[in-house]
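Asker: What follows is protein-v1.pdb, made up of PDB, C-alpha atoms:
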ATOM      1  CA  MET Y   1      57.700  -4.022  53.403  1.00  0.00           C
ATOM      2  CA  ASN Y   2      54.410  -3.326  55.157  1.00  0.00           C
ATOM      3  CA  ALA Y   3      51.229  -5.133  54.161  1.00  0.00           C
ATOM      4  CA  ILE Y   4      50.208  -4.762  50.524  1.00  0.00           C
ATOM      5  CA  GLY Y   5      46.534  -4.202  49.811  1.00  0.00           C
ATOM      6  CA  VAL Y   6      45.076  -6.070  46.854  1.00  0.00           C
ATOM      7  CA  TYR Y   7      41.931  -4.334  45.628  1.00  0.00           C
ATOM      8  CA  GLY Y   8      39.872  -6.848  43.672  1.00  0.00           C
ATOM      9  CA  LEU Y   9      39.839 -10.574  44.370  1.00  0.00           C
ATOM     10  CA  GLY Y  10      38.442 -11.945  41.148  1.00  0.00           C
ATOM     11  CA  ARG Y  11      40.039 -14.837  39.303  1.00  0.00           C
ATOM     12  CA  PHE Y  12      43.334 -13.055  38.713  1.00  0.00           C
ATOM     13  CA  GLY Y  13      43.280 -10.867  41.820  1.00  0.00           C
ATOM     14  CA  ALA Y  14      42.918 -13.827  44.173  1.00  0.00           C
ATOM     15  CA  PHE Y  15      45.741 -15.618  42.355  1.00  0.00           C
ATOM     16  CA  TRP Y  16      48.056 -12.602  42.429  1.00  0.00           C
ATOM     17  CA  ALA Y  17      47.299 -11.900  46.080  1.00  0.00           C
ATOM     18  CA  GLU Y  18      48.259 -15.476  46.943  1.00  0.00           C
ATOM     19  CA  GLN Y  19      51.555 -15.141  45.060  1.00  0.00           C
ATOM     20  CA  LEU Y  20      52.367 -11.896  46.867  1.00  0.00           C
ATOM     21  CA  ALA Y  21      51.352 -13.365  50.230  1.00  0.00           C
ATOM     22  CA  ALA Y  22      54.184 -15.889  50.006  1.00  0.00           C
ATOM     23  CA  HIS Y  23      56.609 -12.948  50.335  1.00  0.00           C
ATOM     24  CA  VAL Y  24      54.844 -10.081  52.136  1.00  0.00           C
ATOM     25  CA  PRO Y  25      51.744  -9.627  54.322  1.00  0.00           C
ATOM     26  CA  VAL Y  26      48.687  -9.121  52.110  1.00  0.00           C
ATOM     27  CA  LYS Y  27      45.295  -7.603  52.827  1.00  0.00           C
ATOM     28  CA  GLY Y  28      42.496  -8.115  50.343  1.00  0.00           C
ATOM     29  CA  TYR Y  29      39.207  -6.453  49.482  1.00  0.00           C
ATOM     30  CA  ASN Y  30      36.593  -7.341  46.909  1.00  0.00           C
ATOM     31  CA  ARG Y  31      33.577  -5.246  46.002  1.00  0.00           C
ATOM     32  CA  SER Y  32      31.396  -8.357  45.759  1.00  0.00           C
ATOM     33  CA  ALA Y  33      31.468 -11.290  48.150  1.00  0.00           C
ATOM     34  CA  GLY Y  34      31.618 -14.970  47.373  1.00  0.00           C
ATOM     35  CA  ARG Y  35      35.099 -15.878  46.109  1.00  0.00           C
ATOM     36  CA  CYS Y  36      37.216 -18.080  48.370  1.00  0.00           C
ATOM     37  CA  VAL Y  37      40.774 -16.898  48.915  1.00  0.00           C
ATOM     38  CA  SER Y  38      43.842 -18.277  50.632  1.00  0.00           C
ATOM     39  CA  ASP Y  39      44.021 -18.097  54.409  1.00  0.00           C
ATOM     40  CA  ALA Y  40      47.259 -16.165  53.897  1.00  0.00           C
ATOM     41  CA  ILE Y  41      45.210 -13.187  52.710  1.00  0.00           C
ATOM     42  CA  GLN Y  42      43.583 -11.048  55.386  1.00  0.00           C
ATOM     43  CA  LEU Y  43      40.173  -9.912  54.184  1.00  0.00           C
ATOM     44  CA  VAL Y  44      39.464  -6.335  55.234  1.00  0.00           C
ATOM     45  CA  SER Y  45      37.038  -3.504  54.584  1.00  0.00           C
ATOM     46  CA  GLU Y  46      37.603  -1.084  51.719  1.00  0.00           C
ATOM     47  CA  ASP Y  47      38.645   1.712  54.092  1.00  0.00           C
ATOM     48  CA  GLU Y  48      41.168  -0.532  55.858  1.00  0.00           C
ATOM     49  CA  LEU Y  49      42.644  -1.625  52.556  1.00  0.00           C
ATOM     50  CA  LEU Y  50      42.960   1.974  51.334  1.00  0.00           C
ATOM     51  CA  ALA Y  51      45.023   2.727  54.446  1.00  0.00           C
ATOM     52  CA  CYS Y  52      47.801   0.405  53.177  1.00  0.00           C
ATOM     53  CA  ASP Y  53      51.046   2.004  52.030  1.00  0.00           C
ATOM     54  CA  THR Y  54      50.927   0.005  48.793  1.00  0.00           C
ATOM     55  CA  ILE Y  55      47.740  -0.827  46.892  1.00  0.00           C
ATOM     56  CA  VAL Y  56      47.565  -3.186  43.923  1.00  0.00           C
ATOM     57  CA  LEU Y  57      44.505  -2.770  41.717  1.00  0.00           C
ATOM     58  CA  CYS Y  58      43.242  -6.034  40.223  1.00  0.00           C
ATOM     59  CA  VAL Y  59      40.031  -4.847  38.590  1.00  0.00           C
ATOM     60  CA  ALA Y  60      38.664  -5.125  35.062  1.00  0.00           C
ATOM     61  CA  ILE Y  61      40.085  -2.552  32.655  1.00  0.00           C
ATOM     62  CA  SER Y  62      36.581  -1.296  31.966  1.00  0.00           C
ATOM     63  CA  SER Y  63      36.026  -0.750  35.725  1.00  0.00           C
ATOM     64  CA  LEU Y  64      39.319   1.013  36.406  1.00  0.00           C
ATOM     65  CA  SER Y  65      38.118   4.574  35.872  1.00  0.00           C
ATOM     66  CA  ASP Y  66      35.185   4.151  38.277  1.00  0.00           C
ATOM     67  CA  VAL Y  67      37.397   2.539  40.921  1.00  0.00           C
ATOM     68  CA  LEU Y  68      40.039   5.268  40.666  1.00  0.00           C
ATOM     69  CA  SER Y  69      37.396   7.988  40.982  1.00  0.00           C
ATOM     70  CA  SER Y  70      35.935   6.224  44.012  1.00  0.00           C
ATOM     71  CA  ILE Y  71      39.186   5.838  45.951  1.00  0.00           C
ATOM     72  CA  ALA Y  72      41.062   8.998  44.917  1.00  0.00           C
ATOM     73  CA  SER Y  73      40.000  11.236  47.823  1.00  0.00           C
ATOM     74  CA  ARG Y  74      40.594   8.496  50.406  1.00  0.00           C
ATOM     75  CA  LEU Y  75      44.231   7.738  49.602  1.00  0.00           C
ATOM     76  CA  LYS Y  76      46.755   9.042  52.094  1.00  0.00           C
ATOM     77  CA  VAL Y  77      49.767  11.057  50.998  1.00  0.00           C
ATOM     78  CA  GLY Y  78      52.606   8.830  49.821  1.00  0.00           C
ATOM     79  CA  THR Y  79      50.479   5.801  48.948  1.00  0.00           C
ATOM     80  CA  LEU Y  80      51.866   3.698  46.106  1.00  0.00           C
ATOM     81  CA  VAL Y  81      49.225   2.506  43.631  1.00  0.00           C
ATOM     82  CA  MET Y  82      50.008  -0.177  41.064  1.00  0.00           C
ATOM     83  CA  ASP Y  83      47.643  -1.479  38.427  1.00  0.00           C
ATOM     84  CA  THR Y  84      47.816  -4.951  36.866  1.00  0.00           C
ATOM     85  CA  CYS Y  85      45.816  -4.321  33.697  1.00  0.00           C
ATOM     86  CA  SER Y  86      46.563  -6.221  30.501  1.00  0.00           C
ATOM     87  CA  VAL Y  87      46.906  -2.909  28.668  1.00  0.00           C
ATOM     88  CA  LYS Y  88      49.136  -0.131  29.913  1.00  0.00           C
ATOM     89  CA  VAL Y  89      48.608   3.213  28.139  1.00  0.00           C
ATOM     90  CA  TYR Y  90      45.002   3.607  29.267  1.00  0.00           C
ATOM     91  CA  PRO Y  91      45.467   2.755  32.985  1.00  0.00           C
ATOM     92  CA  SER Y  92      48.631   4.857  33.144  1.00  0.00           C
ATOM     93  CA  GLN Y  93      46.767   7.855  31.794  1.00  0.00           C
ATOM     94  CA  MET Y  94      43.759   7.279  34.049  1.00  0.00           C
ATOM     95  CA  MET Y  95      45.868   6.943  37.193  1.00  0.00           C
ATOM     96  CA  GLN Y  96      47.650  10.209  36.412  1.00  0.00           C
ATOM     97  CA  LYS Y  97      44.388  11.954  35.597  1.00  0.00           C
ATOM     98  CA  LEU Y  98      42.231  10.735  38.488  1.00  0.00           C
ATOM     99  CA  LEU Y  99      44.602  10.183  41.412  1.00  0.00           C
ATOM    100  CA  PRO Y 100      46.201  13.035  43.377  1.00  0.00           C
ATOM    101  CA  GLU Y 101      49.806  14.017  42.677  1.00  0.00           C
ATOM    102  CA  THR Y 102      50.683  13.050  46.256  1.00  0.00           C
ATOM    103  CA  VAL Y 103      50.284   9.383  45.263  1.00  0.00           C
ATOM    104  CA  ASP Y 104      53.066   7.310  43.678  1.00  0.00           C
ATOM    105  CA  LEU Y 105      52.206   5.293  40.571  1.00  0.00           C
ATOM    106  CA  ILE Y 106      53.692   2.216  38.921  1.00  0.00           C
ATOM    107  CA  ALA Y 107      52.063   0.456  35.966  1.00  0.00           C
ATOM    108  CA  THR Y 108      52.611  -3.307  35.957  1.00  0.00           C
ATOM    109  CA  HIS Y 109      51.437  -6.257  33.913  1.00  0.00           C
ATOM    110  CA  PRO Y 110      52.099  -9.755  35.210  1.00  0.00           C
ATOM    111  CA  MET Y 111      52.190 -11.625  31.885  1.00  0.00           C
ATOM    112  CA  PHE Y 112      50.515 -14.740  33.278  1.00  0.00           C
ATOM    113  CA  GLY Y 113      47.456 -15.842  35.185  1.00  0.00           C
ATOM    114  CA  PRO Y 114      45.925 -18.711  37.144  1.00  0.00           C
ATOM    115  CA  ASP Y 115      46.269 -21.081  34.179  1.00  0.00           C
ATOM    116  CA  SER Y 116      49.755 -20.264  32.904  1.00  0.00           C
ATOM    117  CA  GLY Y 117      51.033 -19.828  36.465  1.00  0.00           C
ATOM    118  CA  GLN Y 118      49.375 -22.856  38.021  1.00  0.00           C
ATOM    119  CA  HIS Y 119      52.671 -24.749  38.245  1.00  0.00           C
ATOM    120  CA  GLY Y 120      54.631 -21.781  39.550  1.00  0.00           C
ATOM    121  CA  ILE Y 121      55.629 -18.333  38.364  1.00  0.00           C
ATOM    122  CA  ASP Y 122      59.416 -18.733  38.432  1.00  0.00           C
ATOM    123  CA  GLY Y 123      60.908 -17.013  35.397  1.00  0.00           C
ATOM    124  CA  LEU Y 124      57.603 -15.673  34.092  1.00  0.00           C
ATOM    125  CA  PRO Y 125      57.641 -12.083  32.790  1.00  0.00           C
ATOM    126  CA  LEU Y 126      56.251  -9.016  34.526  1.00  0.00           C
ATOM    127  CA  VAL Y 127      56.225  -5.702  32.671  1.00  0.00           C
ATOM    128  CA  PHE Y 128      57.355  -2.870  34.940  1.00  0.00           C
ATOM    129  CA  SER Y 129      56.610   0.776  34.044  1.00  0.00           C
ATOM    130  CA  PRO Y 130      57.175   3.396  36.763  1.00  0.00           C
ATOM    131  CA  VAL Y 131      54.854   6.308  36.053  1.00  0.00           C
ATOM    132  CA  ARG Y 132      55.454   8.625  39.003  1.00  0.00           C
ATOM    133  CA  CYS Y 133      57.582   7.129  41.749  1.00  0.00           C
ATOM    134  CA  SER Y 134      60.838   7.808  43.587  1.00  0.00           C
ATOM    135  CA  THR Y 135      63.938   5.877  42.617  1.00  0.00           C
ATOM    136  CA  GLU Y 136      64.181   4.360  46.097  1.00  0.00           C
ATOM    137  CA  ARG Y 137      60.613   3.119  46.150  1.00  0.00           C
ATOM    138  CA  THR Y 138      60.787   1.854  42.593  1.00  0.00           C
ATOM    139  CA  ALA Y 139      63.851  -0.188  43.544  1.00  0.00           C
ATOM    140  CA  GLN Y 140      62.044  -1.583  46.596  1.00  0.00           C
ATOM    141  CA  VAL Y 141      59.144  -2.853  44.495  1.00  0.00           C
ATOM    142  CA  ARG Y 142      61.482  -4.255  41.868  1.00  0.00           C
ATOM    143  CA  THR Y 143      63.354  -6.134  44.601  1.00  0.00           C
ATOM    144  CA  LEU Y 144      60.081  -7.685  45.761  1.00  0.00           C
ATOM    145  CA  PHE Y 145      59.222  -8.915  42.267  1.00  0.00           C
ATOM    146  CA  GLU Y 146      62.723 -10.248  41.724  1.00  0.00           C
ATOM    147  CA  SER Y 147      62.539 -12.086  45.064  1.00  0.00           C
ATOM    148  CA  MET Y 148      59.446 -13.798  43.635  1.00  0.00           C
ATOM    149  CA  ARG Y 149      61.767 -15.031  40.861  1.00  0.00           C
ATOM    150  CA  LEU Y 150      59.849 -13.103  38.219  1.00  0.00           C
ATOM    151  CA  ARG Y 151      61.545 -11.829  35.073  1.00  0.00           C
ATOM    152  CA  VAL Y 152      61.047  -8.091  35.470  1.00  0.00           C
ATOM    153  CA  ILE Y 153      60.932  -6.314  32.107  1.00  0.00           C
ATOM    154  CA  ASP Y 154      61.370  -2.536  31.944  1.00  0.00           C
ATOM    155  CA  MET Y 155      59.132  -1.273  29.167  1.00  0.00           C
ATOM    156  CA  SER Y 156      57.200   1.889  28.405  1.00  0.00           C
ATOM    157  CA  CYS Y 157      53.423   1.673  28.464  1.00  0.00           C
ATOM    158  CA  ASP Y 158      53.233   2.525  24.763  1.00  0.00           C
ATOM    159  CA  GLN Y 159      55.763  -0.134  23.769  1.00  0.00           C
ATOM    160  CA  HIS Y 160      53.915  -2.686  25.897  1.00  0.00           C
ATOM    161  CA  ASP Y 161      50.645  -2.030  24.093  1.00  0.00           C
ATOM    162  CA  ARG Y 162      52.291  -2.129  20.658  1.00  0.00           C
ATOM    163  CA  GLU Y 163      53.748  -5.564  21.362  1.00  0.00           C
ATOM    164  CA  ALA Y 164      50.812  -6.907  23.405  1.00  0.00           C
ATOM    165  CA  ALA Y 165      48.361  -6.136  20.578  1.00  0.00           C
ATOM    166  CA  TYR Y 166      49.960  -9.083  18.807  1.00  0.00           C
ATOM    167  CA  SER Y 167      51.488 -11.251  21.537  1.00  0.00           C
ATOM    168  CA  GLN Y 168      48.374 -11.176  23.716  1.00  0.00           C
ATOM    169  CA  GLY Y 169      45.587  -9.521  21.731  1.00  0.00           C
ATOM    170  CA  ILE Y 170      45.903 -11.872  18.779  1.00  0.00           C
ATOM    171  CA  THR Y 171      46.208 -14.888  21.072  1.00  0.00           C
ATOM    172  CA  HIS Y 172      42.896 -14.142  22.773  1.00  0.00           C
ATOM    173  CA  PHE Y 173      41.296 -13.256  19.441  1.00  0.00           C
ATOM    174  CA  ILE Y 174      42.304 -16.544  17.801  1.00  0.00           C
ATOM    175  CA  GLY Y 175      41.329 -18.470  20.938  1.00  0.00           C
ATOM    176  CA  ARG Y 176      37.826 -17.022  20.840  1.00  0.00           C
ATOM    177  CA  VAL Y 177      37.493 -17.647  17.086  1.00  0.00           C
ATOM    178  CA  LEU Y 178      38.559 -21.283  17.494  1.00  0.00           C
ATOM    179  CA  ASN Y 179      36.108 -21.645  20.365  1.00  0.00           C
ATOM    180  CA  GLU Y 180      33.295 -20.717  17.973  1.00  0.00           C
ATOM    181  CA  LEU Y 181      34.246 -23.794  15.905  1.00  0.00           C
ATOM    182  CA  HIS Y 182      33.465 -26.031  18.901  1.00  0.00           C
ATOM    183  CA  LEU Y 183      36.576 -28.130  18.365  1.00  0.00           C
ATOM    184  CA  ASN Y 184      36.574 -31.580  19.951  1.00  0.00           C
ATOM    185  CA  PRO Y 185      39.377 -33.884  21.107  1.00  0.00           C
ATOM    186  CA  THR Y 186      40.254 -36.687  18.733  1.00  0.00           C
ATOM    187  CA  GLN Y 187      42.437 -39.758  18.999  1.00  0.00           C
ATOM    188  CA  ILE Y 188      44.345 -38.726  15.869  1.00  0.00           C
ATOM    189  CA  ALA Y 189      45.145 -35.254  17.205  1.00  0.00           C
ATOM    190  CA  THR Y 190      48.559 -33.937  16.218  1.00  0.00           C
ATOM    191  CA  VAL Y 191      50.697 -31.984  18.672  1.00  0.00           C
ATOM    192  CA  GLY Y 192      49.720 -28.819  16.827  1.00  0.00           C
ATOM    193  CA  TYR Y 193      46.009 -29.555  17.244  1.00  0.00           C
ATOM    194  CA  GLN Y 194      46.513 -30.289  20.934  1.00  0.00           C
ATOM    195  CA  GLN Y 195      48.230 -26.926  21.289  1.00  0.00           C
ATOM    196  CA  LEU Y 196      45.277 -25.236  19.613  1.00  0.00           C
ATOM    197  CA  MET Y 197      42.907 -26.961  22.025  1.00  0.00           C
ATOM    198  CA  SER Y 198      45.094 -25.766  24.887  1.00  0.00           C
ATOM    199  CA  LEU Y 199      44.966 -22.222  23.502  1.00  0.00           C
ATOM    200  CA  VAL Y 200      41.164 -22.311  23.435  1.00  0.00           C
ATOM    201  CA  GLU Y 201      41.019 -23.584  27.007  1.00  0.00           C
ATOM    202  CA  GLN Y 202      43.514 -21.042  28.310  1.00  0.00           C
ATOM    203  CA  THR Y 203      41.959 -17.989  26.673  1.00  0.00           C
ATOM    204  CA  CYS Y 204      38.329 -18.957  27.206  1.00  0.00           C
ATOM    205  CA  ASN Y 205      38.847 -19.715  30.885  1.00  0.00           C
ATOM    206  CA  ASP Y 206      39.365 -15.979  31.299  1.00  0.00           C
ATOM    207  CA  PRO Y 207      36.267 -13.779  31.632  1.00  0.00           C
ATOM    208  CA  LEU Y 208      34.754 -12.689  28.341  1.00  0.00           C
ATOM    209  CA  GLN Y 209      35.038  -9.124  29.648  1.00  0.00           C
ATOM    210  CA  LEU Y 210      38.830  -9.451  29.519  1.00  0.00           C
ATOM    211  CA  PHE Y 211      38.634 -10.297  25.810  1.00  0.00           C
ATOM    212  CA  TYR Y 212      36.440  -7.264  25.153  1.00  0.00           C
ATOM    213  CA  ASP Y 213      38.730  -5.010  27.183  1.00  0.00           C
ATOM    214  CA  LEU Y 214      41.898  -6.244  25.463  1.00  0.00           C
ATOM    215  CA  GLN Y 215      40.389  -5.377  22.092  1.00  0.00           C
ATOM    216  CA  ARG Y 216      38.840  -2.076  23.148  1.00  0.00           C
ATOM    217  CA  TYR Y 217      41.419  -0.433  25.422  1.00  0.00           C
ATOM    218  CA  ASN Y 218      44.626  -1.226  23.552  1.00  0.00           C
ATOM    219  CA  PRO Y 219      45.128   1.509  20.925  1.00  0.00           C
ATOM    220  CA  TYR Y 220      46.922  -0.928  18.615  1.00  0.00           C
ATOM    221  CA  THR Y 221      44.520  -3.897  18.496  1.00  0.00           C
ATOM    222  CA  HIS Y 222      42.367  -2.357  15.756  1.00  0.00           C
ATOM    223  CA  ASP Y 223      45.326  -2.396  13.375  1.00  0.00           C
ATOM    224  CA  MET Y 224      46.132  -5.937  14.515  1.00  0.00           C
ATOM    225  CA  ARG Y 225      42.641  -7.109  13.568  1.00  0.00           C
ATOM    226  CA  MET Y 226      42.817  -5.350  10.211  1.00  0.00           C
ATOM    227  CA  ASN Y 227      46.190  -6.966   9.475  1.00  0.00           C
ATOM    228  CA  LEU Y 228      44.854 -10.348  10.573  1.00  0.00           C
ATOM    229  CA  ASN Y 229      41.855  -9.978   8.285  1.00  0.00           C
ATOM    230  CA  GLN Y 230      44.130  -9.002   5.394  1.00  0.00           C
ATOM    231  CA  ALA Y 231      46.371 -12.002   6.049  1.00  0.00           C
ATOM    232  CA  LEU Y 232      43.325 -14.302   6.031  1.00  0.00           C
ATOM    233  CA  ASP Y 233      42.151 -12.814   2.747  1.00  0.00           C
ATOM    234  CA  THR Y 234      45.619 -13.338   1.263  1.00  0.00           C
ATOM    235  CA  VAL Y 235      45.728 -17.017   2.239  1.00  0.00           C
ATOM    236  CA  LEU Y 236      42.193 -17.604   0.957  1.00  0.00           C
ATOM    237  CA  HIS Y 237      43.084 -15.914  -2.318  1.00  0.00           C
ATOM    238  CA  VAL Y 238      46.119 -18.180  -2.714  1.00  0.00           C
ATOM    239  CA  LEU Y 239      43.899 -21.219  -2.185  1.00  0.00           C
ATOM    240  CA  GLU Y 240      41.299 -19.984  -4.648  1.00  0.00           C
ATOM    241  CA  THR Y 241      44.032 -19.320  -7.238  1.00  0.00           C
ATOM    242  CA  HIS Y 242      45.261 -22.902  -6.954  1.00  0.00           C
ATOM    243  CA  ASP Y 243      41.730 -24.294  -6.913  1.00  0.00           C
ATOM    244  CA  ARG Y 244      40.780 -23.496 -10.528  1.00  0.00           C
ATOM    245  CA  PHE Y 245      40.783 -27.200 -11.293  1.00  0.00           C
ATOM    246  CA  PRO Y 246      39.253 -28.762  -8.175  1.00  0.00           C
ATOM    247  CA  VAL Y 247      39.848 -32.415  -7.411  1.00  0.00           C
ATOM    248  CA  GLU Y 248      37.010 -34.663  -8.445  1.00  0.00           C
ATOM    249  CA  PHE Y 249      36.269 -37.333  -5.897  1.00  0.00           C
ATOM    250  CA  PRO Y 250      34.717 -40.633  -7.051  1.00  0.00           C
ATOM    251  CA  GLN Y 251      31.110 -41.202  -6.171  1.00  0.00           C
ATOM    252  CA  ARG Y 252      30.516 -43.549  -3.229  1.00  0.00           C
TER     253      ARG Y 252
END
Show me, as C-alpha cells, the structure contained in the file I just sent.

Answerer:
Amino acid sequence: MNAIGVYGLGRFGAFWAEQLAAHVPVKGYNRSAGRCVSDAIQLVSEDELLACDTIVLCVAISSLSDVLSSIASRLKVGTLVMDTCSVKVYPSQMMQKLLPETVDLIATHPMFGPDSGQHGIDGLPLVFSPVRCSTERTAQVRTLFESMRLRVIDMSCDQHDREAAYSQGITHFIGRVLNELHLNPTQIATVGYQQLMSLVEQTCNDPLQLFYDLQRYNPYTHDMRMNLNQALDTVLHVLETHDRFPVEFPQR
C-alpha cells in the first residue's frame, strides 16, 4: 500500500498515525503547528497530503464539515477517504454530501485512544463501515487493519451510534459527572472506587470538545441521557421510600 495521509495530528491523530506507521508509510498534516509526532511520520503540506491515495481524517466531529468542504475540490479521482470519528451516522452523511462521487469512502471508528491503547492495540476493536468503496479496496484496507492485530467489527453506522450512545456516550457522561465531584485518592479505596477514578482520568484526559461532540452528534445520546436521568430518579425514589424513619445518630 502506498503512503497513507493522516489529516489532523491532535492527541488521537498523532497516536493513530504512529500505529499506522508501524505497518505502512505515513504522511501527516496538521492545521496548527506545535504537536510533536513520531519520526516515522513524514510531515508534509496540506496539498502534498491530499495527493495521497488514502487519506484518514482525524479531526474533531464539529470540524468535519468545514474540513470536507475545504478539501473536496482538491481530491484526485479514486482517492479513498476514511474518517475516525466517534460517531458514525453524521460523518458518513457529510462525506457523501460534501465529497465528489469519484472518491471512495469508508467510515471507521477505532474504539480506543492514547490512554486505552498505551500498552498496545492488539485485539482492540475497530468498527468498519464501508460507505462507497469497491470490494477489492475494502478488502485491502481490512487486511491492513487485521495485520495490525485489530478486531475488525463490521457494523452499520446507525447500529454503531445506537450502541455507542450507551457504551461510549454514557461512559464519557459519567466520567465528566464524577469529575465534578473532585474525587480524591484514599488509602481505603476499594477496587470499584479505583476503577471509578480510572474512568475519570481516562475520559477527562480527552478534549472537552470530544465530550460535547459525542453528546451532540450522536442521534441516540439524547434518549440515553433521558433514560439515565429516569434511572437516577428511580433509585433516589427507592431511597426516599426506605428513609421514612431515618437513623438517629447519637450526639458527639

Asker: Excluding region 106-117 of chain Y and any residue of its chain fewer than 4 positions from it, enumerate the residues within 6 Å of it, using only C-alpha atoms, and give them as a PyMOL selection string.

Answerer: chain Y and resi 82-86+121+125-131

Asker: Got a sec to resolve the PyMOL selection byres ((chain Y and resi 44) around 7) on this structure and send the residues as a list in words?

Answerer: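 Those residues are Lys27, Gly28, Tyr29, Gln42, Leu43, Ser45, Glu46, Glu48 and Leu49 of chain Y.
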
Asker: Just say which residues the PyMOL selection byres ((chain Y and resi 11) around 12) picks in this file, as JSON, numbers by chain.

Answerer: {"Y": [8, 9, 10, 12, 13, 14, 15, 16, 17, 18, 30, 34, 35, 36, 37, 58, 59, 60, 113, 114, 115, 205, 206, 207, 210]}

Asker: To one decimal in Å, tell me the separation between CA of Val152 (chain Y) and CA of Lys88 (chain Y).

Answerer: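 Separating CA of Val152 (chain Y) from CA of Lys88 (chain Y) is a distance of 15.4 Å.
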
Asker: Between CA of Thr79 (chain Y) and CA of Val56 (chain Y), what is the spacing in Å?

Answerer: 10.7 Å

Asker: Might you pull out every residue within 12 Å of Ser70 (chain Y), with all atoms listed in the file counted and same-chain residues fewer than 2 positions away left off, and present them as a list in words?

Answerer: Arg31, Glu46, Asp47, Leu50, Ser63, Leu64, Ser65, Asp66, Val67, Leu68, Ala72, Ser73, Arg74, Leu75, Leu98 and Leu99 of chain Y

Asker: Report the distance between CA of Gln168 (chain Y) and CA of Asn218 (chain Y) in Å, rounded to one decimal place.

Answerer: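 Taking CA of Gln168 (chain Y) and CA of Asn218 (chain Y), their separation equals 10.6 Å.
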
Asker: Please evaluate the PyMOL selection byres ((chain Y and resi 158) around 10) against the structure above and give the resulting residues as a tab-separated table (two decimals) with C-alpha atoms, in the frame of the given file.

Answerer:
chain	number	residue	atom	x	y	z
Y	87	VAL	CA	46.91	-2.91	28.67
Y	88	LYS	CA	49.14	-0.13	29.91
Y	89	VAL	CA	48.61	3.21	28.14
Y	90	TYR	CA	45.00	3.61	29.27
Y	92	SER	CA	48.63	4.86	33.14
Y	155	MET	CA	59.13	-1.27	29.17
Y	156	SER	CA	57.20	1.89	28.40
Y	157	CYS	CA	53.42	1.67	28.46
Y	159	GLN	CA	55.76	-0.13	23.77
Y	160	HIS	CA	53.92	-2.69	25.90
Y	161	ASP	CA	50.64	-2.03	24.09
Y	162	ARG	CA	52.29	-2.13	20.66
Y	163	GLU	CA	53.75	-5.56	21.36
Y	164	ALA	CA	50.81	-6.91	23.40
Y	218	ASN	CA	44.63	-1.23	23.55
Y	219	PRO	CA	45.13	1.51	20.92
Y	220	TYR	CA	46.92	-0.93	18.61

Asker: Would you tabulate, counting all atoms listed in the file, all residues of region 13-87 of chain Y that have an atom at most 12 Å from an atom of region 140-143 of chain Y, showing the closest pair of atoms and their distance in Å to one decimal, sorted by chain then ascending number, as JSON lines?

Answerer:
{"residue": "Y:Leu20", "atom": "CA", "partner": "Y:Val141", "partner_atom": "CA", "distance": 11.5}
{"residue": "Y:His23", "atom": "CA", "partner": "Y:Thr143", "partner_atom": "CA", "distance": 11.2}
{"residue": "Y:Val24", "atom": "CA", "partner": "Y:Val141", "partner_atom": "CA", "distance": 11.4}
{"residue": "Y:Thr54", "atom": "CA", "partner": "Y:Val141", "partner_atom": "CA", "distance": 9.7}
{"residue": "Y:Ile55", "atom": "CA", "partner": "Y:Val141", "partner_atom": "CA", "distance": 11.8}
{"residue": "Y:Val56", "atom": "CA", "partner": "Y:Val141", "partner_atom": "CA", "distance": 11.6}
{"residue": "Y:Leu80", "atom": "CA", "partner": "Y:Val141", "partner_atom": "CA", "distance": 9.9}
{"residue": "Y:Val81", "atom": "CA", "partner": "Y:Val141", "partner_atom": "CA", "distance": 11.3}
{"residue": "Y:Met82", "atom": "CA", "partner": "Y:Val141", "partner_atom": "CA", "distance": 10.1}

Asker: As lines of an AutoDock Vina configuration file, please report the centre and edge lengths, rounded to one decimal in Å, of the axis-aligned box that holds all listed atoms of region 176-194 of chain Y with 6 Å of padding on each of the six sides.

Answerer:
center_x = 42.0
center_y = -28.4
center_z = 18.5
size_x = 29.4
size_y = 34.7
size_z = 17.2

Asker: Rank Y:Leu208, Y:Leu199, Y:Ile170, Y:Leu178 by their smallest atom-to-atom distance to Leu228 (chain Y), using only C-alpha atoms, and report the top residue only.

Answerer: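 Closest to Leu228 (chain Y), using only C-alpha atoms: Y:Ile170.
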
Asker: So which residues touch Tyr212 (chain Y) within 10 Å, counting all atoms listed in the file, skipping near sequence neighbours fewer than 6 positions away, as a list of chain:residue names?

Answerer: Y:Ile61, Y:Ser62, Y:His172, Y:Phe173

Asker: Quick one: of Y:Thr171, Y:Ser147, Y:Ser38, Y:Ser32, who's nearest to Thr203 (chain Y), counting all atoms listed in the file?

Answerer: Y:Thr171

Asker: So that I can see what lies close to Gly175 (chain Y), please list as a ChimeraX atom specification the residues with an atom at most 9 Å from it, counting only C-alpha atoms and leaving out residues fewer than 6 positions away in the same chain.

Answerer: /Y:196-197,199-204
